[in-house]
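Next comes upload15.cif, a file with mmCIF, C-alpha atoms, pLDDT in the B column; chains and numbers go by the auth columns.
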data_final
loop_
_atom_site.group_PDB
_atom_site.id
_atom_site.type_symbol
_atom_site.label_atom_id
_atom_site.label_comp_id
_atom_site.label_asym_id
_atom_site.label_seq_id
_atom_site.Cartn_x
_atom_site.Cartn_y
_atom_site.Cartn_z
_atom_site.B_iso_or_equiv
_atom_site.auth_seq_id
_atom_site.auth_asym_id
ATOM 1 C CA MET A 1 91.583 134.212 67.288 55.00 1 U
ATOM 2 C CA ALA A 2 89.209 136.045 69.636 59.00 2 U
ATOM 3 C CA LYS A 3 88.485 134.285 72.906 72.00 3 U
ATOM 4 C CA ASN A 4 84.762 134.217 73.674 78.00 4 U
ATOM 5 C CA LEU A 5 84.276 133.330 77.314 74.00 5 U
ATOM 6 C CA GLU A 6 80.784 131.962 76.656 89.00 6 U
ATOM 7 C CA PHE A 7 82.564 128.857 75.392 94.00 7 U
ATOM 8 C CA ALA A 8 83.815 128.155 78.906 93.00 8 U
ATOM 9 C CA ASP A 9 80.168 127.793 79.988 91.00 9 U
ATOM 10 C CA LEU A 10 79.224 125.755 76.930 95.00 10 U
ATOM 11 C CA LEU A 11 82.171 123.484 77.674 95.00 11 U
ATOM 12 C CA ILE A 12 80.790 122.686 81.131 92.00 12 U
ATOM 13 C CA VAL A 13 77.374 121.845 79.701 91.00 13 U
ATOM 14 C CA TYR A 14 78.344 119.971 76.524 94.00 14 U
ATOM 15 C CA GLY A 15 81.967 118.930 77.146 93.00 15 U
ATOM 16 C CA GLY A 16 80.937 115.275 77.281 90.00 16 U
ATOM 17 C CA MET A 17 79.782 115.463 73.661 92.00 17 U
ATOM 18 C CA LEU A 18 83.175 116.472 72.255 95.00 18 U
ATOM 19 C CA THR A 19 86.041 114.193 71.284 95.00 19 U
ATOM 20 C CA ASP A 20 88.642 113.754 74.044 94.00 20 U
ATOM 21 C CA LYS A 21 91.145 115.817 72.087 94.00 21 U
ATOM 22 C CA GLN A 22 88.738 118.692 71.447 96.00 22 U
ATOM 23 C CA LYS A 23 87.753 118.687 75.107 96.00 23 U
ATOM 24 C CA ASP A 24 91.371 118.685 76.323 96.00 24 U
ATOM 25 C CA VAL A 25 92.349 121.489 73.964 97.00 25 U
ATOM 26 C CA LEU A 26 89.341 123.671 74.764 97.00 26 U
ATOM 27 C CA GLU A 27 89.785 123.202 78.510 95.00 27 U
ATOM 28 C CA LEU A 28 93.417 124.281 78.336 96.00 28 U
ATOM 29 C CA TYR A 29 92.427 127.202 76.127 96.00 29 U
ATOM 30 C CA TYR A 30 89.395 128.483 78.035 94.00 30 U
ATOM 31 C CA ASN A 31 89.866 127.275 81.586 92.00 31 U
ATOM 32 C CA GLU A 32 93.667 127.303 81.941 93.00 32 U
ATOM 33 C CA ASP A 33 94.048 130.247 79.560 92.00 33 U
ATOM 34 C CA LEU A 34 97.046 128.717 77.773 95.00 34 U
ATOM 35 C CA SER A 35 98.188 130.058 74.380 95.00 35 U
ATOM 36 C CA LEU A 36 97.963 127.944 71.217 96.00 36 U
ATOM 37 C CA GLY A 37 101.728 127.390 71.402 96.00 37 U
ATOM 38 C CA GLU A 38 101.591 126.289 75.029 97.00 38 U
ATOM 39 C CA ILE A 39 98.727 123.873 74.330 97.00 39 U
ATOM 40 C CA ALA A 40 100.609 122.435 71.337 97.00 40 U
ATOM 41 C CA GLU A 41 103.650 121.833 73.531 96.00 41 U
ATOM 42 C CA ASN A 42 101.594 120.377 76.397 94.00 42 U
ATOM 43 C CA LEU A 43 99.674 117.916 74.242 95.00 43 U
ATOM 44 C CA ASP A 44 102.517 117.267 71.810 95.00 44 U
ATOM 45 C CA ILE A 45 100.504 118.198 68.727 95.00 45 U
ATOM 46 C CA SER A 46 101.045 120.889 66.110 96.00 46 U
ATOM 47 C CA ARG A 47 99.936 124.481 66.573 96.00 47 U
ATOM 48 C CA GLN A 48 97.670 124.018 63.548 96.00 48 U
ATOM 49 C CA GLY A 49 96.220 120.900 65.137 96.00 49 U
ATOM 50 C CA VAL A 50 95.373 122.911 68.227 97.00 50 U
ATOM 51 C CA ARG A 51 93.762 125.606 66.104 96.00 51 U
ATOM 52 C CA ASP A 52 91.681 123.020 64.206 96.00 52 U
ATOM 53 C CA SER A 53 90.542 121.309 67.413 96.00 53 U
ATOM 54 C CA ILE A 54 89.439 124.618 68.903 96.00 54 U
ATOM 55 C CA LYS A 55 87.568 125.576 65.727 96.00 55 U
ATOM 56 C CA ARG A 56 85.778 122.235 65.376 97.00 56 U
ATOM 57 C CA GLY A 57 85.074 121.992 69.099 97.00 57 U
ATOM 58 C CA GLU A 58 83.583 125.488 69.169 96.00 58 U
ATOM 59 C CA GLU A 59 81.432 124.721 66.149 96.00 59 U
ATOM 60 C CA THR A 60 80.100 121.607 67.863 96.00 60 U
ATOM 61 C CA LEU A 61 79.371 123.503 71.083 96.00 61 U
ATOM 62 C CA LEU A 62 77.466 126.233 69.230 96.00 62 U
ATOM 63 C CA GLN A 63 75.514 123.683 67.222 94.00 63 U
ATOM 64 C CA LEU A 64 74.548 121.746 70.360 94.00 64 U
ATOM 65 C CA GLU A 65 73.367 124.911 72.078 94.00 65 U
ATOM 66 C CA GLN A 66 71.353 125.833 68.999 93.00 66 U
ATOM 67 C CA GLN A 67 69.734 122.380 68.940 91.00 67 U
ATOM 68 C CA LEU A 68 69.184 121.920 72.678 92.00 68 U
ATOM 69 C CA GLY A 69 69.455 125.372 74.285 92.00 69 U
ATOM 70 C CA LEU A 70 70.618 123.890 77.578 92.00 70 U
ATOM 71 C CA MET A 71 72.756 126.888 78.542 92.00 71 U
ATOM 72 C CA LYS A 72 69.940 129.295 77.751 93.00 72 U
ATOM 73 C CA LYS A 73 67.614 127.220 79.931 94.00 73 U
ATOM 74 C CA GLN A 74 70.216 127.098 82.694 93.00 74 U
ATOM 75 C CA LYS A 75 70.457 130.900 82.663 93.00 75 U
ATOM 76 C CA ALA A 76 66.672 131.313 82.695 96.00 76 U
ATOM 77 C CA PHE A 77 66.542 128.946 85.675 97.00 77 U
ATOM 78 C CA ASP A 78 69.285 130.831 87.547 96.00 78 U
ATOM 79 C CA GLU A 79 67.488 134.147 87.039 97.00 79 U
ATOM 80 C CA LEU A 80 64.170 132.677 88.125 98.00 80 U
ATOM 81 C CA MET A 81 65.601 131.177 91.309 98.00 81 U
ATOM 82 C CA GLN A 82 67.378 134.406 92.221 98.00 82 U
ATOM 83 C CA ASP A 83 64.128 136.267 91.671 97.00 83 U
ATOM 84 C CA LEU A 84 62.059 133.817 93.747 97.00 84 U
ATOM 85 C CA LEU A 85 64.650 133.920 96.525 98.00 85 U
ATOM 86 C CA THR A 86 64.562 137.727 96.688 97.00 86 U
ATOM 87 C CA GLN A 87 60.767 137.693 96.819 97.00 87 U
ATOM 88 C CA ALA A 88 60.582 134.954 99.453 97.00 88 U
ATOM 89 C CA GLN A 89 63.176 136.694 101.626 97.00 89 U
ATOM 90 C CA ALA A 90 61.267 139.991 101.438 96.00 90 U
ATOM 91 C CA LEU A 91 58.075 138.171 102.325 95.00 91 U
ATOM 92 C CA LYS A 92 59.711 136.452 105.270 94.00 92 U
ATOM 93 C CA LYS A 93 61.035 139.796 106.523 95.00 93 U
ATOM 94 C CA ASP A 94 57.622 141.430 106.145 93.00 94 U
ATOM 95 C CA ILE A 95 55.995 138.616 108.085 92.00 95 U
ATOM 96 C CA SER A 96 58.532 138.731 110.915 90.00 96 U
ATOM 97 C CA THR A 97 58.292 142.530 111.212 90.00 97 U
ATOM 98 C CA ARG A 98 54.468 142.375 111.064 83.00 98 U
ATOM 99 C CA SER A 99 54.227 144.701 108.063 82.00 99 U
ATOM 100 C CA TYR A 100 50.910 146.037 106.844 85.00 100 U
ATOM 101 C CA PRO A 101 48.869 142.823 106.239 86.00 101 U
ATOM 102 C CA LEU A 102 47.435 143.767 102.856 89.00 102 U
ATOM 103 C CA LEU A 103 50.925 144.482 101.534 91.00 103 U
ATOM 104 C CA VAL A 104 52.190 141.113 102.765 93.00 104 U
ATOM 105 C CA GLN A 105 49.191 139.419 101.203 93.00 105 U
ATOM 106 C CA GLN A 106 49.881 141.128 97.875 94.00 106 U
ATOM 107 C CA LYS A 107 53.501 139.988 97.955 95.00 107 U
ATOM 108 C CA ALA A 108 52.470 136.404 98.642 96.00 108 U
ATOM 109 C CA GLU A 109 50.034 136.623 95.736 97.00 109 U
ATOM 110 C CA THR A 110 52.790 137.953 93.444 97.00 110 U
ATOM 111 C CA LEU A 111 55.089 135.100 94.476 97.00 111 U
ATOM 112 C CA VAL A 112 52.419 132.474 93.736 98.00 112 U
ATOM 113 C CA LYS A 113 51.768 134.022 90.313 97.00 113 U
ATOM 114 C CA GLN A 114 55.450 134.214 89.511 97.00 114 U
ATOM 115 C CA ILE A 115 55.889 130.507 90.285 97.00 115 U
ATOM 116 C CA GLU A 116 52.785 129.587 88.268 97.00 116 U
ATOM 117 C CA SER A 117 53.915 131.547 85.230 97.00 117 U
ATOM 118 C CA SER A 118 57.402 130.013 85.363 97.00 118 U
ATOM 119 C CA MET A 119 56.419 126.338 85.413 96.00 119 U
ATOM 120 C CA ASN A 120 57.287 125.944 81.713 94.00 120 U
ATOM 121 C CA ILE A 121 60.463 127.977 81.304 94.00 121 U
ATOM 122 C CA LEU A 122 62.483 124.841 80.506 91.00 122 U
ATOM 123 C CA ASP A 123 60.137 123.585 77.791 86.00 123 U
ATOM 124 C CA MET B 1 59.561 95.037 70.601 55.00 1 T
ATOM 125 C CA ALA B 2 58.461 96.515 73.932 59.00 2 T
ATOM 126 C CA LYS B 3 57.274 100.109 73.777 72.00 3 T
ATOM 127 C CA ASN B 4 58.837 102.232 76.509 78.00 4 T
ATOM 128 C CA LEU B 5 56.879 105.451 76.843 74.00 5 T
ATOM 129 C CA GLU B 6 59.864 107.284 78.284 89.00 6 T
ATOM 130 C CA PHE B 7 61.073 107.539 74.700 94.00 7 T
ATOM 131 C CA ALA B 8 58.148 109.841 73.894 93.00 8 T
ATOM 132 C CA ASP B 9 59.575 112.324 76.417 91.00 9 T
ATOM 133 C CA LEU B 10 63.144 111.853 75.211 95.00 10 T
ATOM 134 C CA LEU B 11 61.912 112.474 71.676 95.00 11 T
ATOM 135 C CA ILE B 12 60.561 115.890 72.678 92.00 12 T
ATOM 136 C CA VAL B 13 63.847 116.859 74.314 91.00 13 T
ATOM 137 C CA TYR B 14 66.345 115.420 71.831 94.00 14 T
ATOM 138 C CA GLY B 15 64.322 114.932 68.633 93.00 15 T
ATOM 139 C CA GLY B 16 66.330 117.649 66.890 90.00 16 T
ATOM 140 C CA MET B 17 69.479 115.565 67.272 92.00 17 T
ATOM 141 C CA LEU B 18 68.155 112.560 65.315 95.00 18 T
ATOM 142 C CA THR B 19 68.198 112.057 61.558 95.00 19 T
ATOM 143 C CA ASP B 20 64.961 113.099 59.846 94.00 20 T
ATOM 144 C CA LYS B 21 64.110 109.481 59.146 94.00 21 T
ATOM 145 C CA GLN B 22 64.697 108.335 62.727 96.00 22 T
ATOM 146 C CA LYS B 23 62.648 111.243 64.016 96.00 23 T
ATOM 147 C CA ASP B 24 59.742 110.539 61.619 96.00 24 T
ATOM 148 C CA VAL B 25 59.719 106.846 62.465 97.00 25 T
ATOM 149 C CA LEU B 26 59.921 107.364 66.228 97.00 26 T
ATOM 150 C CA GLU B 27 57.175 109.990 66.181 95.00 27 T
ATOM 151 C CA LEU B 28 54.826 107.686 64.297 96.00 28 T
ATOM 152 C CA TYR B 29 55.744 104.857 66.650 96.00 29 T
ATOM 153 C CA TYR B 30 55.532 106.666 69.989 94.00 30 T
ATOM 154 C CA ASN B 31 53.228 109.623 69.388 92.00 31 T
ATOM 155 C CA GLU B 32 50.848 108.240 66.757 93.00 32 T
ATOM 156 C CA ASP B 33 51.085 104.699 68.111 93.00 33 T
ATOM 157 C CA LEU B 34 51.352 103.121 64.651 95.00 34 T
ATOM 158 C CA SER B 35 52.580 99.550 64.209 95.00 35 T
ATOM 159 C CA LEU B 36 55.847 98.747 62.427 96.00 36 T
ATOM 160 C CA GLY B 37 53.851 97.631 59.391 96.00 37 T
ATOM 161 C CA GLU B 38 51.788 100.813 59.306 97.00 38 T
ATOM 162 C CA ILE B 39 54.905 102.973 59.589 97.00 39 T
ATOM 163 C CA ALA B 40 56.591 101.015 56.796 97.00 40 T
ATOM 164 C CA GLU B 41 53.577 101.596 54.568 96.00 41 T
ATOM 165 C CA ASN B 42 53.292 105.283 55.480 95.00 42 T
ATOM 166 C CA LEU B 43 56.929 106.099 54.832 95.00 43 T
ATOM 167 C CA ASP B 44 57.354 103.645 51.968 95.00 44 T
ATOM 168 C CA ILE B 45 60.285 101.837 53.559 95.00 45 T
ATOM 169 C CA SER B 46 60.739 98.202 54.583 96.00 46 T
ATOM 170 C CA ARG B 47 59.516 96.840 57.887 96.00 47 T
ATOM 171 C CA GLN B 48 63.139 96.005 58.716 96.00 48 T
ATOM 172 C CA GLY B 49 64.116 99.585 57.870 96.00 49 T
ATOM 173 C CA VAL B 50 61.531 100.815 60.360 97.00 50 T
ATOM 174 C CA ARG B 51 62.832 98.433 63.000 96.00 51 T
ATOM 175 C CA ASP B 52 66.438 99.580 62.422 96.00 52 T
ATOM 176 C CA SER B 53 65.487 103.262 62.590 96.00 53 T
ATOM 177 C CA ILE B 54 63.652 102.753 65.868 96.00 54 T
ATOM 178 C CA LYS B 55 66.552 100.824 67.334 96.00 55 T
ATOM 179 C CA ARG B 56 69.218 103.319 66.284 97.00 56 T
ATOM 180 C CA GLY B 57 67.038 106.309 67.223 97.00 57 T
ATOM 181 C CA GLU B 58 66.356 104.877 70.667 96.00 58 T
ATOM 182 C CA GLU B 59 70.051 104.198 71.216 96.00 59 T
ATOM 183 C CA THR B 60 70.882 107.786 70.310 96.00 60 T
ATOM 184 C CA LEU B 61 68.188 109.151 72.636 96.00 61 T
ATOM 185 C CA LEU B 62 69.441 107.058 75.563 96.00 62 T
ATOM 186 C CA GLN B 63 73.030 108.035 74.886 94.00 63 T
ATOM 187 C CA LEU B 64 72.138 111.739 74.761 94.00 64 T
ATOM 188 C CA GLU B 65 70.248 111.504 78.037 94.00 65 T
ATOM 189 C CA GLN B 66 73.201 109.713 79.617 93.00 66 T
ATOM 190 C CA GLN B 67 75.589 112.417 78.410 91.00 67 T
ATOM 191 C CA LEU B 68 73.422 115.473 79.075 92.00 68 T
ATOM 192 C CA GLY B 69 70.681 114.393 81.493 92.00 69 T
ATOM 193 C CA LEU B 70 68.288 117.037 80.182 92.00 70 T
ATOM 194 C CA MET B 71 65.157 115.000 80.855 93.00 71 T
ATOM 195 C CA LYS B 72 66.282 114.198 84.373 93.00 72 T
ATOM 196 C CA LYS B 73 66.889 117.906 84.970 94.00 73 T
ATOM 197 C CA GLN B 74 63.518 118.763 83.483 93.00 74 T
ATOM 198 C CA LYS B 75 61.816 116.362 85.882 93.00 75 T
ATOM 199 C CA ALA B 76 63.740 117.725 88.882 96.00 76 T
ATOM 200 C CA PHE B 77 62.678 121.234 87.838 97.00 77 T
ATOM 201 C CA ASP B 78 59.004 120.233 87.462 96.00 78 T
ATOM 202 C CA GLU B 79 58.989 118.654 90.917 97.00 79 T
ATOM 203 C CA LEU B 80 60.689 121.653 92.464 98.00 80 T
ATOM 204 C CA MET B 81 58.235 124.133 90.929 98.00 81 T
ATOM 205 C CA GLN B 82 55.257 122.070 92.007 98.00 82 T
ATOM 206 C CA ASP B 83 56.679 121.946 95.507 97.00 83 T
ATOM 207 C CA LEU B 84 57.382 125.696 95.647 97.00 84 T
ATOM 208 C CA LEU B 85 53.911 126.444 94.315 98.00 85 T
ATOM 209 C CA THR B 86 52.248 124.311 96.989 97.00 86 T
ATOM 210 C CA GLN B 87 54.285 126.019 99.706 97.00 87 T
ATOM 211 C CA ALA B 88 53.669 129.535 98.385 97.00 88 T
ATOM 212 C CA GLN B 89 49.933 128.893 98.050 97.00 89 T
ATOM 213 C CA ALA B 90 49.762 127.589 101.631 95.00 90 T
ATOM 214 C CA LEU B 91 51.680 130.625 102.823 95.00 91 T
ATOM 215 C CA LYS B 92 49.366 132.982 100.939 95.00 92 T
ATOM 216 C CA LYS B 93 46.340 131.289 102.471 95.00 93 T
ATOM 217 C CA ASP B 94 47.818 131.483 105.977 93.00 94 T
ATOM 218 C CA ILE B 95 48.530 135.160 105.521 92.00 95 T
ATOM 219 C CA SER B 96 45.053 135.944 104.237 90.00 96 T
ATOM 220 C CA THR B 97 43.370 133.994 107.039 91.00 97 T
ATOM 221 C CA ARG B 98 45.695 135.591 109.631 83.00 98 T
ATOM 222 C CA SER B 99 46.974 132.263 110.926 83.00 99 T
ATOM 223 C CA TYR B 100 49.132 132.026 114.001 85.00 100 T
ATOM 224 C CA PRO B 101 52.082 134.393 113.193 86.00 101 T
ATOM 225 C CA LEU B 102 54.912 132.116 114.316 89.00 102 T
ATOM 226 C CA LEU B 103 53.602 129.327 112.098 91.00 103 T
ATOM 227 C CA VAL B 104 53.427 131.654 109.101 93.00 104 T
ATOM 228 C CA GLN B 105 56.930 132.850 109.832 93.00 105 T
ATOM 229 C CA GLN B 106 58.188 129.266 109.968 94.00 106 T
ATOM 230 C CA LYS B 107 56.586 128.475 106.635 95.00 107 T
ATOM 231 C CA ALA B 108 58.184 131.524 105.018 96.00 108 T
ATOM 232 C CA GLU B 109 61.533 130.432 106.455 97.00 109 T
ATOM 233 C CA THR B 110 61.058 126.926 105.034 97.00 110 T
ATOM 234 C CA LEU B 111 60.225 128.355 101.616 97.00 111 T
ATOM 235 C CA VAL B 112 63.349 130.548 101.609 98.00 112 T
ATOM 236 C CA LYS B 113 65.517 127.567 102.595 97.00 113 T
ATOM 237 C CA GLN B 114 63.941 125.354 99.947 96.00 114 T
ATOM 238 C CA ILE B 115 64.693 127.914 97.246 97.00 115 T
ATOM 239 C CA GLU B 116 68.253 128.393 98.509 97.00 116 T
ATOM 240 C CA SER B 117 68.968 124.674 98.563 97.00 117 T
ATOM 241 C CA SER B 118 67.566 124.218 95.042 97.00 118 T
ATOM 242 C CA MET B 119 69.635 126.868 93.244 96.00 119 T
ATOM 243 C CA ASN B 120 71.948 124.217 91.763 94.00 120 T
ATOM 244 C CA ILE B 121 69.610 121.388 90.825 94.00 121 T
ATOM 245 C CA LEU B 122 70.373 121.856 87.117 92.00 122 T
ATOM 246 C CA ASP B 123 74.168 121.740 87.510 86.00 123 T
#

Here is the file; what I need is its structure written in the form of structure tokens.
Amino acid sequence: MAKNLEFADLLIVYGGMLTDKQKDVLELYYNEDLSLGEIAENLDISRQGVRDSIKRGEETLLQLEQQLGLMKKQKAFDELMQDLLTQAQALKKDISTRSYPLLVQQKAETLVKQIESSMNILD
Amino acid sequence: MAKNLEFADLLIVYGGMLTDKQKDVLELYYNEDLSLGEIAENLDISRQGVRDSIKRGEETLLQLEQQLGLMKKQKAFDELMQDLLTQAQALKKDISTRSYPLLVQQKAETLVKQIESSMNILD
């Protein structure tokens, strides 16, 4: 069974939508990095039961992401904010060091346009 | 049956998670503003069937929002972007009109801080 670490992120976003058992099993598997055998022992269920819970839980997580795309939106948001921060910091530096005014003006214009064109990234 | 327009927004976000029937009924009810009787006639189901679909669909939408909070996050994002846009536009104007440098610098600093403090609003 290959461990896909994207599930750890999906688990944070959609964990509340799983059954308690699926959530417990997946957290031990992805966040605590326990083996199937260790999880079985910890939760006092069979190794096959652990395997089934992981499989069904993963299927649910993938289906939810396909239907709602919350993780994809989260990533788009993170990238946008990092980008805006870099631009705003550069602008602030240019202002404080009294850079060439037209250049500063262009950067401010770029920042405004970037914000305007990103208003709908979560839609 | 009181019509709560928040459901129209929830329907956009979580519509894909409803049954086809619930989705059809809720869209006619909230987006097309049809009456229960009109929906019943349109979809060839009973008036009580329409009422049940609306009730169950609304319950599912509320439960999804409680578990995932996607609409709440969407609203927080919209407000943030509107706020950043207003600030960036003011900054751009100040730069182009060569406003008092320390004031411009302060505004750039405020914008940077606002972006920094908003990096996690979707978590």

Report task. Name the residues that the PyMOL selection byres ((chain T) within 10 of (chain U)) picks from the file above, as JSON, numbers by chain, using the file's chain letters and numbers. Result -> {"T": [12, 13, 14, 15, 16, 17, 64, 66, 67, 68, 70, 73, 74, 77, 78, 79, 80, 81, 82, 84, 85, 86, 87, 88, 89, 90, 91, 92, 93, 94, 95, 96, 97, 98, 101, 102, 104, 105, 106, 107, 108, 109, 110, 111, 112, 113, 114, 115, 116, 118, 119, 120, 121, 122, 123]}

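Between Leu5 in chain T and the residues T:Gln22, T:Asn31, T:Ser117, T:Ser99, the shortest atom-to-atom distance, using only C-alpha atoms, involves T:Asn31.
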
Requested in this report: Identify all residues satisfying the PyMOL selection byres ((chain T and resi 3) around 12) in the given file; provide them as JSON, numbers by chain.
Outcome: {"T": [1, 2, 4, 5, 6, 7, 8, 26, 29, 30, 31, 33, 34, 35, 36, 54, 55, 58]}

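Computed from the coordinates, the CA of Ser46 in chain U to CA of Glu65 in chain U distance equals 28.6 Å.
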
Report task. Give me, please, the distance in Å between CA of Leu61 in chain U and CA of Thr19 in chain T, quoted to one decimal. Result -> 18.6 Å

Query raised in the report: What's the 12 Å shell around Arg56 in chain U, counting only C-alpha atoms, without same-chain residues fewer than 4 positions away, as a ChimeraX atom specification?
Result: /U:18-19,21-23,25-26,49-52,60-63

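Between CA of Glu41 in chain U and CA of Leu11 in chain U there is a distance of 21.9 Å.
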
Coordinates of box centre and edge lengths for range 89-100 of chain U, 6 Å on every side, axis-aligned, as JSON:
{"center_x": 57.0, "center_y": 141.2, "center_z": 106.3, "size_x": 24.3, "size_y": 21.6, "size_z": 21.8}
